[in-house]
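Student: To start, I am sharing the structure in question, which I have written as structure tokens.
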Amino acid sequence: MAAAGKTHATRWGVVNVVVVLYALFPVWWIAALSFKDPGTLTDGNYIPRDWTFENYRGIFATSEFTRALINSIGIALIATVIAVILGTMAAYAVARLRFPGKQVLIGMSLLIAMFPPISLVSPLFEIERIIGIFDTWPGLIIPYMTFSLPLAIYTLSAFFREIPWDLEKAAKVDGATPAQAFRLVIVPLAAPGVFTTAILVFIFCWNDFLFAISLTSTESARTVPAAIAFFTGSSQFQQPTGSIAAAAVVITVPIIIFVLLFQRRIVAGLTSGAVKG
Amino acid sequence: MSTMAGPAKGRKAPSAGARQERRLGWLLCAPAVLVMTAVTAYPIGYAVYLSLQRYDLRFPARAEFVGLSNYGSVLSSPFWWDAFWVTLFLTVVSVAIELVLGMGLALVMHRTLFARGTVRTAVLVPYGIVTVVAAFSWQYAWTPELGYLADLLPSGDAPLTEQWPALWLIILAEVWKTTPFMALLLLAGLALVPEETLKAAMVDGATPWQRFTKVMLPLMKPAILVALLFRTLDAFRIFDNIYVLTSGAHGTGSLSILGYDNLFTALNLGIGSAISVLIFICVGIIAFTFVKLFGAAAPGAEVKR
Amino acid sequence: MAEIVLEGVTKRFPDGSVAVRDVDLAIADGEFVILVGPSGCGKSTTLNMIAGLEDITEGTLRIGGRVVNDLAPKERDVAMVFQSYALYPHMSVRENMGFPLRLAKVDKATIDSKVEEAARVLDLGDFLDRKPASLSGGQRQRVAMGRAIVRDPEAFLMDEPLSNLDAKLRVQMRTQISRLQRRLGTTTVYVTHDQTEAMTLGDRVVVMRQGLVQQIGSPAELYDMPRNLFVAGFIGSPAMNFVSASLAGGTLRTPLGDLPLDDRARRALEQRGAPPEVIVGLRPEAFEDASLARGTGGPVVTATVDVLESLGSDAYVYFQVEGGPVSTAELEELATDSGLRDTGAGASQQIVARLDAATRAREGAPAELRVDMSRAHVFDPSTGSNLTHPER
């Protein structure tokens, strides 16, 4: 019995290690690249022979990357805040209130969740040039928050539905107006869900590439993923591999931190909206 | 918004409470609806309009209404059809692999005896990581002289410069990145399978495989369909991985790449918009097929009470 | 404190279904009234309408003389205890109980003293700074009560407040609620599906079925003089026995045997024009062991004992009689509600008699049972009404 249990455990151990390696190997590889100096860049080693921060120093020395990093953070944060606020309001209504037109809202956000972004790139490109927000922060914030709204509404309404319905009734009988019931009872209970949603939306915005390369043309609004793709070597004979690897690691760090700290919540958030009744 | 203003059918004039509730509902939804309409409905309409124009940014003065001729040029062009088949191939193959792998991963996460948190955390990394970053990692891995994986191949092979190897590498990158998401959706479905039902099946003499196919899969069907729908639509718009890995060269360009190139390399807004509209229609057909053919619970259904 | 008056109150849902139909009910100041009935009878909807959580489609609702049909819950000054307790999980016990006062903008010191006072009454003093999640079921229930009493409302509305407790605790809390209500003297409307709760708690009980009030009366009235088949079957545990009978010259011919009516019943049946085929209702305690012979006459029937349950204080004797169970819409509904439908009770009909513990009845042996005909009820199968019930 004990022996059987042991082989069982060993088997799971092996499976778990395989899964972890599968998930982390490409990340490790690019991290290793980022610490290699140009001389050993091509040695194919999994661990750098000579550790160097040269690549990091290189990217932080140019405004091409630092500016992109600021853009990425600023744009993703603002888009997240707006999307979560609008999403919270709509999701509360969807999950809690009876009003005609609810299905229209749900159908609409479903449609947008399925929308191929490339279909919007050409008209947005033209519209943004006409109204003068092409290659600016708002030019990216607006599509980001729009495309993350369905995600926010789904996830949040799933969280809201788990708050017991009676609580709101109780608050009303206790003398609260609907607005007070929302502010004093629902919002504090929903805060964890809102926070989780914010992380998911942030990851979504942080990840975008298509809008970032289509709706920007200069450093002024270009985000890191787009900037990386446009990196050039310090000389035309040198591949920008090291710089790209270093930049890649820098923008991966926040994601890793989120994942480490909020694993449970992210899993809950990703799955709650998708699988329900 | 006018659709939202109609009074509910067959109801007496609602009381103060109901009116208040309804007004609050509209008020709370209005901003989201306005934003979504302004940023998607209007532009897609504008894209339809643009697609009916001859509109080349290099010669803006020569813009004129040309009816459906842009669609004619696109649909009669081998570029469109090549990209279409490439996209379809990538979508079908990568989603199929993701489903199998994702199911395995979900079972591991569901059943593993220990290190559950570690496994879940590790699995979230591919989901969270920026696609472009992952794509670069894969690109370097497969670049001769640079990558650990290319070194494993006979020297001189550059898989990313040949169509079929490149397509498979794109699938690999796509599968790596998105399987975890699939696995998490399936995991949520697994959680809905009652433990007691499985025990009952075990007592009834079902083998593990039978328990999986006869009990788990049928119960998970709604979750599987939703996961497939999400992933299929997502895979169909594949762009980032291809852009970084091959830039769409060597016959690996997807529809999104084609649309992008027409807009930003050829600077042809008319043709590019026609492509955009056609992709939109394709996605619509896929979604419709899923919902109608498989009776998939549309992801909207979960929001109903 | 206030009286609550419902006049012709009706609830019709948007899909046209009627949950509550034309309810007239006047609840006196300080009275404890129970709404009872099987699920879907409209009792919770009625309570929600009183609370203001559901709109009233037709009719008038007055609390303390004021028409409150269109007032929001907050303007009605009623407190409600929910089945799920509906405690705010992010607030401590103290904050939970003080929440209604905080909303009413009562100053902090007053809130504190009122919460302390309520906590003392409910024996919650040690838990004031805990969160609901760390409390037991009974403690949560008391917090819910506390939240209702701190604000000293016009009325308490309770929606199955004890259903989530285990049986023993439920009995204890029942007593506590009763004591508390008497002490505070606050008008209380209490919803339950449990007839025992209804009988033990209420000054008056309102039995509802399919949105209609069946009978309003004191527990004793409902028990001894049920107005119809439904009330008769719903109130009492074990339930009243029903057998079909044909009426022939003042005698009921039943599968049990012939049962002669007493004078009171005969007169009532004549007066009401009873049909030839009727349903006879006998409570378990209408039987007694004829061999113990303390009875005062009445017909004796013989039956073979199926199962004997000895409870110490009394004994329940079960036996079968020929002929299928009596079936009317009311009884079907009761059977469904009590889960009897699922036990697969077969073609013959089971009768239960409550006998003195000293009975010598044995399983498998015949027993002689005397029937107290003064406690027999005769029902019209088509209308369900109790023909022996004095018309008032």
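Chain labels follow the order of the structure tokens: the first chain is A, the next B, and so on; residue numbering restarts at 1 in every chain, and ligands are counted from 1 in their shown order.
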Select residues of chain C: the criterion is any atom within 12 Å of an atom of chain A, counting only C-alpha atoms; output as a PyMOL selection string.
Tutor: chain C and resi 14+47-54+71-91+95-105+144+147-153+155-159
Student: So that I can see what lies close to Ala268 in chain C, please list as a list in words the residues with an atom at most 12 Å from it, counting only C-alpha atoms and leaving out residues fewer than 6 positions away in the same chain.
Tutor: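 Listing them by chain and then by number gives Gly250, Leu261, Asp262, Ala274, His377, Val378, Phe379, Asn386, Leu387, Thr388, His389, Pro390 and Glu391 of chain C.
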Student: Rounded to one decimal in Å, what is the spacing between CA of Ala19 in chain C and CA of Gly42 in chain C?
Tutor: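 About the pair CA of Ala19 in chain C and CA of Gly42 in chain C: they are 5.3 Å apart.
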Student: What are the closest atom pairs, with distances in Å to one decimal, for all residues of range 184-253 of chain B lying within 7 Å of range 90-103 of chain B? Consider only C-alpha atoms, order rows by chain and residue number, and present the result as JSON lines.
Tutor:
```
{"residue": "B:Leu186", "atom": "CA", "partner": "B:Met103", "partner_atom": "CA", "distance": 6.5}
{"residue": "B:Arg231", "atom": "CA", "partner": "B:Val95", "partner_atom": "CA", "distance": 6.7}
{"residue": "B:Thr232", "atom": "CA", "partner": "B:Thr91", "partner_atom": "CA", "distance": 6.3}
{"residue": "B:Ala235", "atom": "CA", "partner": "B:Thr91", "partner_atom": "CA", "distance": 5.2}
{"residue": "B:Phe236", "atom": "CA", "partner": "B:Thr91", "partner_atom": "CA", "distance": 5.6}
```
Student: If we count only C-alpha atoms, what is near range 112-128 of chain C at a cut-off of 6 Å, once residues fewer than 2 positions away on the same chain are taken out, given as a ChimeraX atom specification?
Tutor: /C:93-94,109-110,130,146,150
Student: Range 210-219 of chain C: which residues within 10 Å, counting only C-alpha atoms, same-chain residues fewer than 2 positions away excluded, as a PyMOL selection string?
Tutor: chain C and resi 10-11+18-25+33-43+45-46+195-196+198-208+221-231+235+333
Student: Write the selection just made, keeping C-alpha atoms, as a CSV table (one decimal), in the first residue's frame?
Tutor:
```
chain,number,residue,atom,x,y,z
C,10,THR,CA,-52.6,40.7,-5.4
C,11,LYS,CA,-49.3,40.0,-7.1
C,18,VAL,CA,-50.5,35.2,-10.2
C,19,ALA,CA,-48.4,34.5,-7.1
C,20,VAL,CA,-50.8,36.0,-4.5
C,21,ARG,CA,-54.5,36.6,-5.1
C,22,ASP,CA,-56.7,39.0,-3.2
C,23,VAL,CA,-55.3,38.6,0.3
C,24,ASP,CA,-57.2,40.4,3.1
C,25,LEU,CA,-55.4,40.3,6.4
C,33,VAL,CA,-48.8,36.2,12.6
C,34,ILE,CA,-47.5,33.2,10.7
C,35,LEU,CA,-47.9,32.7,7.0
C,36,VAL,CA,-47.6,29.1,6.3
C,37,GLY,CA,-48.0,26.8,3.3
C,38,PRO,CA,-46.2,24.6,0.9
C,39,SER,CA,-43.5,26.1,-1.4
C,40,GLY,CA,-45.0,28.3,-4.1
C,41,CYS,CA,-48.1,29.1,-2.1
C,42,GLY,CA,-47.3,32.9,-2.2
C,43,LYS,CA,-46.3,33.3,1.5
C,45,THR,CA,-44.1,36.9,-2.0
C,46,THR,CA,-46.7,38.3,0.4
C,195,GLN,CA,-46.6,23.6,10.3
C,196,THR,CA,-45.0,22.8,13.7
C,198,ALA,CA,-46.6,27.8,12.7
C,199,MET,CA,-48.5,26.1,15.4
C,200,THR,CA,-46.1,26.8,18.2
C,201,LEU,CA,-45.2,30.4,17.4
C,202,GLY,CA,-48.1,32.3,16.1
C,203,ASP,CA,-50.9,34.1,17.8
C,204,ARG,CA,-52.7,33.6,14.5
C,205,VAL,CA,-51.8,31.4,11.5
C,206,VAL,CA,-52.6,32.2,7.9
C,207,VAL,CA,-52.6,29.0,5.7
C,208,MET,CA,-52.0,29.7,2.1
C,221,GLU,CA,-58.9,26.7,15.5
C,222,LEU,CA,-56.9,25.5,12.6
C,223,TYR,CA,-56.3,22.2,14.2
C,224,ASP,CA,-59.8,21.5,15.5
C,225,MET,CA,-61.8,23.2,12.9
C,226,PRO,CA,-60.0,23.2,9.6
C,227,ARG,CA,-62.2,24.9,7.0
C,228,ASN,CA,-61.1,22.6,4.2
C,229,LEU,CA,-59.3,19.5,3.1
C,230,PHE,CA,-56.1,21.4,2.5
C,231,VAL,CA,-55.8,23.0,5.9
C,235,ILE,CA,-51.9,21.2,9.8
C,333,GLU,CA,-50.4,18.9,-3.5
```
Student: One decimal, in Å: what's the spacing between CA of Gly236 in chain C and CA of Pro381 in chain C?
Tutor: 20.2 Å
Student: Quick one: of B:Arg22, B:Lys177, B:Arg62, B:Arg211, who's nearest to chain A, counting only C-alpha atoms?
Tutor: B:Arg22
Student: Work out how far CA of Val48 in chain B is from CA of Val86 in chain B, in Å to one decimal.
Tutor: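 Taking CA of Val86 in chain B as the start and CA of Val48 in chain B as the end point, the length is 24.6 Å.
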Student: Run DSSP on the backbone and tell me which residues of range 25-148 of chain C come out as helix (DSSP H, G or I); list them as a ChimeraX atom specification.
Tutor: /C:43-51,73-75,93-103,108-122,125-127,132-134,137-148
Student: Under the rule that only C-alpha atoms are counted, which of C:Met240, C:Val321, C:Leu355, C:Leu135 is the nearest residue to Asp306 in chain C?
Tutor: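 Checking each candidate against Asp306 in chain C, we get C:Val321 as the closest.
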Student: Using only C-alpha atoms, determine which residues lie at most 6 Å from Arg370 in chain C, disregarding the query and same-chain residues fewer than 3 positions distant; provide the list as a list in words.
Tutor: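 Once the adjacent positions are removed, what remains is Phe287, Glu288, Ala290, Pro299 and Val300 of chain C.
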Student: With C-alpha atoms retained, write the just-selected residues as a PDB file, in the first residue's frame.
Tutor:
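Saved file selection.pdb follows:
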```pdb
ATOM      1  CA  PHE C 287     -58.515   6.587  17.522  1.00  0.00           C
ATOM      2  CA  GLU C 288     -57.988   4.791  20.768  1.00  0.00           C
ATOM      3  CA  ALA C 290     -60.717  -0.256  22.446  1.00  0.00           C
ATOM      4  CA  PRO C 299     -67.821   2.749  16.739  1.00  0.00           C
ATOM      5  CA  VAL C 300     -65.054   0.164  16.988  1.00  0.00           C
TER       6      VAL C 300
END
```
